[in-house]
$ cat final-v6.txt   # compact mmCIF, C-alpha atoms
# COMPACT_ATOMS: atom_id res chain seq x y z
CA LYS A 2 140.01 153.59 270.75
CA ALA A 3 137.44 153.35 267.97
CA ASN A 4 138.62 153.79 264.41
CA PRO A 5 137.64 157.11 262.84
CA ALA A 6 134.76 156.94 260.37
CA PRO A 7 135.81 156.35 256.75
CA LEU A 8 136.36 159.50 254.74
CA THR A 9 133.39 158.79 252.49
CA THR A 10 131.09 158.48 255.52
CA ARG A 11 132.30 161.80 256.94
CA VAL A 12 131.94 163.51 253.58
CA ARG A 13 128.42 162.14 253.23
CA GLY A 14 127.58 163.43 256.71
CA LEU A 15 128.96 166.88 255.93
CA ARG A 16 127.05 166.96 252.64
CA GLN A 17 123.79 166.07 254.43
CA THR A 18 124.39 168.76 257.06
CA PHE A 19 125.04 171.31 254.31
CA LEU A 20 121.85 170.36 252.45
CA VAL A 21 119.74 170.62 255.60
CA ARG A 22 121.20 174.05 256.40
CA ALA A 23 120.76 175.28 252.83
CA SER A 24 117.15 174.07 252.79
CA ARG A 25 116.45 175.91 256.05
CA LEU A 26 118.00 179.14 254.78
CA LEU A 27 115.81 178.94 251.70
CA SER A 28 112.77 178.32 253.89
CA VAL A 29 113.62 181.40 255.99
CA LEU A 30 113.89 183.49 252.86
CA LEU A 31 110.60 182.21 251.45
CA LEU A 32 108.77 182.66 254.75
CA LEU A 33 109.84 186.29 254.93
CA GLN A 34 108.95 186.81 251.29
CA THR A 35 105.51 185.24 251.75
CA ARG A 36 104.45 186.54 255.16
CA GLY A 37 106.35 189.77 255.55
CA ARG A 38 107.77 190.65 258.96
CA MET A 39 108.37 187.71 261.34
CA THR A 40 110.06 187.54 264.72
CA ALA A 41 112.91 185.17 265.49
CA ARG A 42 110.57 183.18 267.74
CA GLN A 43 107.95 182.83 264.98
CA LEU A 44 110.60 181.65 262.53
CA ALA A 45 112.01 179.21 265.07
CA ASP A 46 108.57 177.73 265.76
CA GLU A 47 107.81 177.46 262.05
CA LEU A 48 111.11 175.73 261.24
CA GLU A 49 111.26 173.71 264.48
CA VAL A 50 114.70 175.03 265.43
CA SER A 51 116.07 177.17 268.25
CA VAL A 52 116.01 180.98 268.25
CA ARG A 53 119.80 180.87 268.35
CA ALA A 54 119.78 178.91 265.05
CA VAL A 55 117.54 181.58 263.52
CA TYR A 56 120.02 184.30 264.53
CA ARG A 57 122.82 182.35 262.84
CA ASP A 58 120.68 181.91 259.72
CA MET A 59 120.00 185.64 259.55
CA GLU A 60 123.73 186.37 259.77
CA SER A 61 124.37 183.90 256.94
CA LEU A 62 121.68 185.41 254.72
CA ALA A 63 122.95 188.93 255.35
CA ALA A 64 126.52 187.82 254.58
CA ALA A 65 125.26 186.32 251.33
CA GLY A 66 123.88 189.70 250.28
CA VAL A 67 120.18 189.12 250.98
CA PRO A 68 118.63 192.56 251.68
CA LEU A 69 116.98 192.04 255.04
CA TYR A 70 116.89 194.06 258.20
CA GLY A 71 115.73 193.58 261.77
CA GLU A 72 113.52 195.84 263.86
CA ALA A 73 113.74 195.80 267.64
CA GLY A 74 110.84 196.15 270.04
CA HIS A 75 107.51 194.47 270.69
CA ASP A 76 106.34 194.85 267.09
CA GLY A 77 109.76 194.21 265.62
CA GLY A 78 111.11 191.31 263.63
CA TYR A 79 112.92 190.51 260.42
CA ARG A 80 111.86 191.83 257.03
CA LEU A 81 113.06 191.77 253.46
CA VAL A 82 113.54 195.01 251.58
CA ASP A 83 110.35 195.81 249.69
CA GLY A 84 110.36 194.44 246.16
CA TYR A 85 112.89 191.69 246.84
CA ARG A 86 111.24 188.59 245.44
CA THR A 87 111.19 186.19 242.54
CA ARG A 88 107.99 185.68 240.59
CA LEU A 89 106.51 182.62 238.92
CA THR A 90 105.45 183.99 235.55
CA GLY A 91 102.70 182.70 233.30
CA LEU A 92 100.52 181.32 236.13
CA THR A 93 96.83 182.18 235.89
CA ARG A 94 94.50 182.53 238.86
CA ASP A 95 92.72 179.26 238.04
CA GLU A 96 96.06 177.43 237.73
CA ALA A 97 97.23 178.82 241.06
CA GLU A 98 93.99 177.74 242.74
CA ALA A 99 94.29 174.24 241.28
CA LEU A 100 97.89 173.89 242.46
CA SER A 101 96.91 174.98 245.96
CA LEU A 102 94.64 171.92 246.15
CA ALA A 103 97.16 169.49 244.69
CA GLY A 104 99.12 168.77 247.86
CA LEU A 105 98.20 165.71 249.93
CA PRO A 106 100.20 166.05 253.17
CA GLY A 107 99.23 162.61 254.53
CA PRO A 108 100.38 160.55 251.53
CA ALA A 109 103.42 162.78 251.04
CA ALA A 110 104.45 162.11 254.64
CA ASP A 111 103.91 158.36 254.10
CA LEU A 112 106.40 158.50 251.23
CA GLY A 113 108.90 160.53 253.25
CA LEU A 114 108.18 163.67 251.24
CA GLY A 115 106.30 165.72 253.84
CA SER A 116 109.02 168.34 254.28
CA VAL A 117 109.64 168.42 250.53
CA LEU A 118 105.95 169.12 249.89
CA ALA A 119 105.87 171.87 252.52
CA THR A 120 108.91 173.54 250.97
CA ALA A 121 107.46 173.24 247.47
CA GLN A 122 104.19 174.83 248.57
CA LEU A 123 106.11 177.61 250.28
CA LYS A 124 108.11 178.23 247.09
CA LEU A 125 104.90 178.37 245.09
CA MET A 126 103.30 180.85 247.47
CA ALA A 127 106.42 183.01 247.59
CA ALA A 128 106.85 183.14 243.83
CA GLN A 129 103.29 184.16 243.05
CA PRO A 130 102.22 187.78 242.61
CA GLU A 131 100.50 189.16 245.70
CA GLU A 132 96.96 188.90 244.30
CA LEU A 133 97.43 185.21 243.44
CA ARG A 134 99.15 184.48 246.74
CA ASP A 135 96.22 185.90 248.69
CA ARG A 136 93.74 183.94 246.59
CA THR A 137 95.49 180.57 246.93
CA GLY A 138 95.98 181.19 250.64
CA GLU A 139 92.22 181.58 251.02
CA ILE A 140 91.62 178.43 248.96
CA ARG A 141 93.78 176.36 251.33
CA LYS A 142 91.83 177.72 254.31
CA ARG A 143 88.53 176.57 252.82
CA PHE A 144 89.31 173.21 251.21
CA HIS A 145 91.03 170.14 252.63
CA LEU A 146 91.68 166.85 250.81
CA ASP A 147 91.37 163.64 252.85
CA THR A 148 92.08 160.40 250.95
CA SER A 149 91.18 157.99 253.74
CA GLY A 150 87.92 156.02 253.76
CA TRP A 151 85.16 156.19 256.35
CA TYR A 152 84.98 153.60 259.14
CA ALA A 153 88.47 152.31 258.44
CA GLU A 154 91.85 152.87 260.00
CA ALA A 155 94.83 153.70 257.83
CA ASP A 156 96.97 150.71 256.90
CA ARG A 157 100.11 150.08 258.88
CA THR A 158 102.70 150.21 256.14
CA ALA A 159 105.94 149.37 257.90
CA HIS A 160 107.76 148.69 254.63
CA LEU A 161 106.40 151.57 252.53
CA ALA A 162 109.66 153.55 252.72
CA ALA A 163 111.70 150.58 251.47
CA VAL A 164 109.21 149.91 248.66
CA THR A 165 109.25 153.59 247.67
CA ASP A 166 113.04 153.61 247.55
CA ALA A 167 113.04 150.49 245.35
CA VAL A 168 110.48 152.08 243.00
CA TRP A 169 112.60 155.23 242.64
CA ARG A 170 115.90 153.41 242.13
CA ARG A 171 114.46 150.55 240.04
CA HIS A 172 115.77 147.83 242.35
CA ARG A 173 114.17 144.39 242.47
CA ILE A 174 112.76 143.34 245.82
CA ARG A 175 112.14 140.00 247.50
CA VAL A 176 109.13 140.04 249.82
CA ARG A 177 107.34 137.66 252.12
CA TYR A 178 103.68 138.41 251.52
CA ARG A 179 100.43 137.47 253.27
CA ARG A 180 97.51 136.82 250.93
CA TRP A 181 93.93 135.64 251.46
CA LYS A 182 94.19 132.17 249.84
CA ALA A 183 96.30 129.19 250.86
CA PRO A 184 99.18 129.09 251.30
CA GLN A 185 98.70 132.45 252.95
CA GLU A 186 102.37 133.35 253.27
CA VAL A 187 104.38 133.34 250.03
CA THR A 188 107.75 134.67 248.88
CA ARG A 189 107.91 136.70 245.69
CA THR A 190 110.67 138.44 243.74
CA LEU A 191 109.19 141.58 242.18
CA ASP A 192 110.01 144.46 239.87
CA PRO A 193 108.30 147.41 241.64
CA TYR A 194 106.82 149.55 238.85
CA GLY A 195 104.86 152.01 240.98
CA LEU A 196 102.68 152.78 243.99
CA VAL A 197 98.97 153.63 244.07
CA LEU A 198 97.03 155.19 246.95
CA LYS A 199 93.41 153.98 246.96
CA SER A 200 91.01 155.04 249.76
CA GLY A 201 93.85 155.47 252.24
CA ARG A 202 95.54 152.18 251.34
CA TRP A 203 98.82 151.79 249.48
CA TYR A 204 99.15 149.24 246.67
CA LEU A 205 102.29 148.15 244.84
CA VAL A 206 102.02 147.43 241.13
CA ALA A 207 104.88 145.09 240.31
CA GLY A 208 106.12 142.85 237.53
CA ARG A 209 106.71 139.11 237.77
CA ARG A 210 107.52 136.43 235.23
CA VAL A 211 103.80 135.66 235.05
CA GLY A 212 102.86 139.30 234.37
CA VAL A 213 101.94 142.44 236.30
CA ARG A 214 100.36 141.94 239.73
CA THR A 215 99.04 144.16 242.52
CA TYR A 216 100.07 143.82 246.18
CA ARG A 217 98.74 145.60 249.24
CA VAL A 218 101.76 147.17 250.94
CA SER A 219 100.43 146.55 254.46
CA GLN A 220 100.46 142.79 253.75
CA ILE A 221 104.21 142.75 253.08
CA LEU A 222 105.70 140.94 256.07
CA THR A 223 109.39 141.29 255.21
CA ILE A 224 111.28 142.95 252.38
CA GLN A 225 114.78 142.66 250.95
CA VAL A 226 115.92 145.25 248.42
CA LEU A 227 118.16 143.48 245.92
CA GLN A 228 121.13 144.96 244.10
CA ASP A 229 120.03 144.03 240.58
CA HIS A 230 118.08 146.58 238.58
CA PHE A 231 115.06 146.15 236.34
CA GLU A 232 113.62 148.08 233.43
CA ARG A 233 109.97 149.07 233.28
CA PRO A 234 108.18 147.77 230.17
CA GLN A 235 108.31 150.30 227.37
CA GLY A 236 105.12 152.35 227.29
CA PHE A 237 103.89 151.14 230.70
CA ASP A 238 101.34 153.66 232.06
CA LEU A 239 100.68 153.24 235.78
CA ALA A 240 97.40 155.19 235.80
CA ALA A 241 96.02 153.37 232.75
CA HIS A 242 97.05 150.01 234.18
CA TRP A 243 95.31 150.80 237.48
CA GLN A 244 92.03 151.70 235.77
CA SER A 245 92.17 148.47 233.77
CA TYR A 246 92.94 146.54 236.95
CA LEU A 247 89.92 148.01 238.77
CA ALA A 248 87.58 147.13 235.90
CA ASP A 249 88.93 143.58 235.73
CA PHE A 250 88.74 143.25 239.51
CA ASP A 251 85.03 144.09 239.54
CA ALA A 252 84.38 141.68 236.66
CA ARG A 253 86.17 138.83 238.47
CA ARG A 254 84.66 139.65 241.85
CA HIS A 255 81.00 139.63 240.83
CA GLN A 256 80.42 136.03 239.83
CA GLY A 257 76.64 136.07 239.71
CA ASP A 258 73.38 138.00 240.05
CA ALA A 259 70.56 138.05 242.58
CA VAL A 260 66.96 139.10 242.02
CA VAL A 261 65.70 141.10 244.99
CA ARG A 262 62.48 142.95 245.80
CA LEU A 263 63.08 146.20 247.68
CA SER A 264 60.82 148.61 249.50
CA PRO A 265 60.72 152.16 248.09
CA ARG A 266 62.46 153.49 251.21
CA VAL A 267 65.42 151.12 251.11
CA LEU A 268 65.73 151.60 247.34
CA THR A 269 66.34 155.32 247.83
CA GLN A 270 68.81 154.61 250.66
CA LEU A 271 70.71 151.92 248.76
CA PRO A 272 73.72 154.13 247.82
CA ASP A 273 74.40 154.59 251.55
CA LEU A 274 74.01 150.89 252.40
CA VAL A 275 75.87 148.97 249.69
CA GLU A 276 78.82 149.51 247.38
CA PRO A 277 78.38 151.76 244.32
CA ALA A 278 78.34 148.92 241.74
CA VAL A 279 75.40 147.25 243.51
CA ALA A 280 73.45 150.49 243.96
CA ARG A 281 74.03 151.43 240.32
CA ALA A 282 72.84 148.01 239.09
CA ALA A 283 69.70 148.26 241.22
CA GLU A 284 68.88 151.68 239.79
CA GLU A 285 69.43 150.50 236.19
CA THR A 286 67.32 147.33 236.52
CA ALA A 287 64.49 148.62 238.72
CA GLY A 288 61.07 147.66 237.36
CA LEU A 289 57.64 149.08 238.10
CA PRO A 290 56.40 148.95 241.71
CA GLY A 291 54.20 145.96 242.61
CA THR A 292 50.89 146.13 244.44
CA ASP A 293 52.80 146.30 247.73
CA GLY A 294 55.00 149.13 246.43
CA ARG A 295 58.10 146.98 246.23
CA VAL A 296 60.43 147.17 243.23
CA GLN A 297 62.24 144.18 241.74
CA VAL A 298 65.92 144.69 240.88
CA VAL A 299 68.88 142.60 239.72
CA ILE A 300 72.16 143.14 241.57
CA PRO A 301 75.65 141.60 241.18
CA VAL A 302 76.95 139.36 243.98
CA GLU A 303 80.38 137.91 244.73
CA SER A 304 79.09 134.67 246.25
CA VAL A 305 76.06 133.35 248.10
CA ASP A 306 77.78 133.68 251.48
CA HIS A 307 78.90 137.24 250.81
CA ALA A 308 75.45 138.21 249.52
CA VAL A 309 73.79 137.05 252.76
CA GLY A 310 75.87 139.46 254.83
CA MET A 311 75.16 142.33 252.43
CA LEU A 312 71.40 141.72 252.23
CA LEU A 313 70.95 141.27 255.98
CA ARG A 314 71.88 144.96 256.29
CA LEU A 315 68.69 145.81 254.42
CA GLY A 316 66.50 144.01 256.99
CA ALA A 317 62.92 143.00 256.21
CA GLU A 318 62.66 145.60 253.47
CA ALA A 319 64.54 143.32 251.06
CA GLU A 320 63.29 139.92 249.84
CA VAL A 321 65.46 137.57 247.78
CA VAL A 322 63.56 136.08 244.82
CA ALA A 323 66.43 134.20 243.16
CA PRO A 324 68.60 132.22 243.14
CA MET A 325 66.90 129.72 245.40
CA GLU A 326 70.21 128.79 247.03
CA LEU A 327 70.57 132.36 248.28
CA ARG A 328 66.93 132.55 249.38
CA ALA A 329 67.29 129.29 251.34
CA LEU A 330 70.50 130.47 253.04
CA MET A 331 68.83 133.79 253.95
CA ALA A 332 65.92 131.89 255.53
CA GLN A 333 68.30 129.59 257.41
CA THR A 334 70.36 132.53 258.73
CA ILE A 335 67.29 134.54 259.78
CA ALA A 336 65.80 131.49 261.53
CA ALA A 337 69.04 130.97 263.47
CA LEU A 338 69.05 134.63 264.51
CA ALA A 339 65.41 134.43 265.57
CA ASP A 340 66.16 131.37 267.69
CA ILE A 341 69.00 133.20 269.45
CA TYR A 342 66.93 136.28 270.24
CA ARG A 343 63.83 134.31 271.23
CA HIS A 344 65.49 133.42 274.55
CA PRO A 345 66.87 135.64 277.33
CA PRO A 346 70.58 136.45 276.98
CA SER A 347 72.94 133.87 278.39
CA THR A 348 74.71 134.79 281.64
CA ALA A 349 77.53 132.28 281.13

$ encode --input "final-v6.txt" --output "structure tokens"
Amino acid sequence: KANPAPLTTRVRGLRQTFLVRASRLLSVLLLLQTRGRMTARQLADELEVSVRAVYRDMESLAAAGVPLYGEAGHDGGYRLVDGYRTRLTGLTRDEAEALSLAGLPGPAADLGLGSVLATAQLKLMAAQPEELRDRTGEIRKRFHLDTSGWYAEADRTAHLAAVTDAVWRRHRIRVRYRRWKAPQEVTRTLDPYGLVLKSGRWYLVAGRRVGVRTYRVSQILTIQVLQDHFERPQGFDLAAHWQSYLADFDARRHQGDAVVRLSPRVLTQLPDLVEPAVARAAEETAGLPGTDGRVQVVIPVESVDHAVGMLLRLGAEAEVVAPMELRALMAQTIAALADIYRHPPSTA
């Protein structure tokens, strides 16, 4: 016969059950306060529980002195006594509208906070005066925030929950990480300061003996949450650090410049074809059109090889003037492509 669970485990289980039930009862109360009359089936569907569980919740709320009553029939349901509500005072219409756009359900779910966000939004709606509640409800119907980038799938972040927990509890972590340079797989012991969501991808900002570094969460292969704690540097500002990191990243990434002549058409389309830093540089350095209408610009490039791939997207409406190494590699690549397409496709 198996040994009974330790007392602490049973107590923890009972505490969790109590918290879940209490959270659901609060959600029932806020739903009725926000939406008015609702049937048991509507409440069950909203809370993802059985109708029988809703009946038990109603009995518990009534026993606790909540003034609600049920109406039988096709148009019946549960209602709160008119005027029974709490109000969030001091909130202007503009503030309420801004808060209604603040929730990001995708990232919140990634961090394990999806249900918490939903409850918080419900509390906000329930606590607002009726005129503000109607207004913010309309805002949420008309605006949706999507943080993911175009033409890219969301990262598979198998270890995001563990990283998040370590960030909250200030526990050091030991990770096996895959990076772009050799050796590709490395082991690092990190102090996880915070998480950043950038274009649908999660990044960990963490401390090491050599300073603060940034790691893409999807590239963490394994993670071990250690027992020892760490202290964040005094005055460390995650948002300010991230902005500084982005500026430094662009400065390190663009190692040189290229002089390119562009047709008027491709110059106007450049923001849709290349990254913002390149399009902005082209606009700022554009000279007067030549006799053929082309405009000479200076754009930043990461490397010659990377620039070839970027400039090939512009087709024959872009001509590299300098450096000569880039012009020669463009000519070599275009000649190889022409040789391939000069012949019928291979059937092998």

$ atom_distance --input "final-v6.txt" --atom1 "atom CA of A:Arg233" --atom2 "atom CA of A:Pro193"
8.7 Å

$ closest_residue --input "final-v6.txt" --among "A:Ala336, A:Leu196, A:Leu26, A:Ala73" --to "A:Ala54" --atoms "all atoms listed in the file"
A:Leu26

$ closest_residue --input "final-v6.txt" --among "A:Val299, A:Arg253, A:Ala339, A:Tyr194" --to "A:Gly212" --atoms "all atoms listed in the file"
A:Tyr194

$ atom_distance --input "final-v6.txt" --atom1 "atom CA of A:Ile221" --atom2 "atom CA of A:Leu191"
12.0 Å

$ atom_distance --input "final-v6.txt" --atom1 "atom CA of A:Arg143" --atom2 "atom CA of A:Val29"
25.7 Å

$ closest_residue --input "final-v6.txt" --among "A:Thr334, A:Val213, A:Gly257, A:His160" --to "A:Gly310" --atoms "all atoms listed in the file"
A:Thr334

$ closest_residue --input "final-v6.txt" --among "A:Leu315, A:Gly37, A:Phe231, A:Arg189" --to "A:Val211" --atoms "only C-alpha atoms"
A:Arg189
